[in-house]
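J.: Pasting a structure below so you can have a look.
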Amino acid sequence: MKKLSILGLLAAIAFGIVIMTNTKNSPKQEDSVLVDKPLDGAKTPEPIAETSIEVSEEEITTEKEPMLGESASAPKVNEAPTKKINTPKVVIDIAKLKEMAEQYPEDATAQFKYGKACSELGQDEDAVEALKKAEELGYKNLGNLYYELAYALMEHNKYVGGEAYDYFEKARENGFRNYRKFLYAPKFVEMQKENDWSFVEIFQELFGDNKKAMFKAFVLLGPEKTDKLSYDLDAKTLFSSYNKEARENHPRINGYFDDFADGVGEGMFSRGGGNRFRYEMVAQHTKNYITVIYSEEVPWADDLRPRSYHLVTFSPEGEKIDEMKIAERRKLNRCKTVKIEQDQTIAITEQKVRWKEGWKDEGDLDYDNVKYTKAISTDYYMISENGKIVETDPISIGMAY
C-alpha cells in the first residue's frame with residue numbers, strides 16, 4: 001500500500017508539471033487599449049462612452065506633497081491630490097484613436113478624444129480640426145471642449161489671444177471651473193517661467209471671482225515654496241548697491257493680486273506709476289498657513305532698492321491672517337532690520353545709521369559709505385500655530401539679551 005501511494009503521488013506531481021508547462025507556453029492575452037475596437041461584422045457600432053482620457057502627468061501631479069504626518073486621500077475637483085511618486089505617464093495610442101475617429105466620423109466623442117490626444121502630443125493643427133468637428137457634431141461637455149480647443153489654439157506654446165482667448169471665455173461661460181489646468185498645463189507653465197503677465201490677465205478674467213484660485217496663482221508665481229521660514233535682512237543688505245540682476249531674481253507681483261499685497265494694484269494700474277512690489281520668499285512649514293514676504297520699491301527715487309519689507313500669513317484658501325512691516329529704511333539716519341529663525345521667532349531691531357563725511361558728494365546711498373550702525377532697541381515676535389503674529393520676549397523664546 002505504501003508503494004502504491006508513493007507511485008500515485010509521483011504521478012500527480014508529474015501531471016502538475018505538465019499543466020504548468022502548458023500554461024507557461026500558452027499565448028498571453030493581448031493588452032487592452034484606450035479605446036475598444038468594435039467587433040467584426042457589427043452592423044451598428046456602439047456609441048463611444050463620454051469619458052475623458054487622462055493623458056498627461058500635469059493632470060495628476062500637483063504643486064505640493066502632503067505635509068509630514070498627513071495621509072493621502074482621493075482628490076476632489078480643484079483640490080490638491082497627493083503627488084504621485086514614479087507615476088508612469090499614460091501611453092497614448094494615437095494611431096488607434098485616429099482610426100476610431102475615422103471609423104466613426106459622426107461620433108462627437110471619438111473626435112473629441114482624438115483631438116485632445118493630439119493636443120497633448122503637441123499636434124495642434126490636427127487637434128483643432130478634430131475638436132472643431134466634435135463641436136459641430138454636438139459634443140455635450142462644452143466647457144471641456146472649449147478649453148481643449150483654446151489650449152490647442154494658443155500660438156507658439158504661450159500666446160493667449162484672438163480665437164484662443166475667445167474659446168477660453170466660452171469655456172468659462174459653459175461651466176469650465178478647473179483652474180488647476182491653467183496652473184499646471186505645459187504651455188501655461190512656460191508662460192509662468194517667462195513671467196508673462198498675459199497669463200495672469202487671462203487667469204483673472206476667468207477665475208477672478210474665485211479667491212482660492214487667485215491665491216494659488218499668487219503663490220505659484222512667486223519664488224519656489226520652501227518649508228523653512230528663515231530670513232535675515234541686516235543693515236548692510238538694506239543699504240547695498242542696487243543690483244539689477246539680483247532684483248530680477250525676485251519677480252514683480254502682478255497688480256491683479258491686490259487682495260494679497262496691499263497697494264500692488266495701484267502700483268500697476270495708476271498713471272503716476274505707483275510703488276513696485278516684488279516677491280522675496282514664500283514658505284509653508286505647516287498645513288495651517290502660508291507665509292509670504294514681499295518688498296516695496298518707491299519709483300523715481302534716487303535709489304531703486306526696496307524701502308520696506310512686509311510679512312503676511314495666509315490660510316491655504318488665501319484669507320489673510322496677519323501681517324507686519326518687518327524691515328525698512330525710513331530716514332538716512334534710521335533703519336529697521338529683521339532676523340527670522342526656523343522656529344518662527346522674529347527679531348526686529350531699530351538701528352541708528354551714521355555716514356562717512358563726504359558721502360553725499362559721491363551721490364551713492366551705499367553701505368560702503370556707512371560709518372557705523374548701532375542697535376537702539378529690539379522687539380521680539382512669534383508666528384503662532386494659527387498664523388497670528390504675537391509679541392513675545394527674548395526669555396520666552398530662549399534668546400539672550
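Labels used: A, B, ... for chains in the order of the C-alpha cells, numbers from 1 for residues in each chain, and numbers from 1 for ligands as shown.
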If we count only C-alpha atoms, what is near stretch 224-239 of chain A at a cut-off of 10 Å, once residues fewer than 3 positions away on the same chain are taken out, given as a ChimeraX atom specification?
T.: /A:63-64,67,219-221,242,280-286,290-293,303,305-309,326-329,334-349,351-353,364-370,372-374
J.: I'd like to know which residues of stretch 109-282 of chain A are helix (DSSP H, G or I) (by DSSP, run on the backbone); could you write them as a VMD selection string?
T.: chain A and resid 109 to 120 124 to 136 142 to 153 162 to 173 179 to 184 186 to 193 197 to 207 211 to 220 235 to 238 244 to 248 255 to 257 264 to 269
J.: Taking into account only C-alpha atoms, which residue in the set A:Glu163, A:Val200, A:Lys98, A:Met191 is nearest to A:Tyr179?
T.: A:Val200
J.: With distances taken over only C-alpha atoms, which residue among A:Val298, A:Met154, A:Ile202, A:Ala213 lies nearest A:Asn178?
T.: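 Looking only at the distances to A:Asn178, the closest residue turns out to be A:Ala213.
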J.: Would you compute the distance between atom CA of A:Arg247 and atom CA of A:Gly263? Give it in Å to one decimal.
T.: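 Computing the Euclidean distance for atom CA of A:Arg247 and atom CA of A:Gly263 yields 19.4 Å.
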J.: Closest to A:Ser119 among A:Met382, A:Ala171, A:Val160, A:Leu153, using only C-alpha atoms?
T.: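 That would be A:Leu153, the residue with the smallest distance to A:Ser119.
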J.: Rank nothing, just name the residue among A:Tyr151, A:Phe257, A:Tyr139, A:Phe277 nearest to A:Phe215, using only C-alpha atoms.
T.: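 Smallest separation from A:Phe215 among the options: A:Phe257.
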J.: Just the residues within 10 Å of A:Phe260, please, counting only C-alpha atoms, with nothing from its chain fewer than 3 positions along; format it as a ChimeraX atom specification.
T.: /A:211,214-215,218-219,253,255-257,263-264,292,312-314,318-320
J.: What is the atom CA of A:Lys356 to atom CA of A:Ala375 distance in Å?
T.: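 Atom-to-atom, atom CA of A:Lys356 and atom CA of A:Ala375 are spaced 18.0 Å apart.
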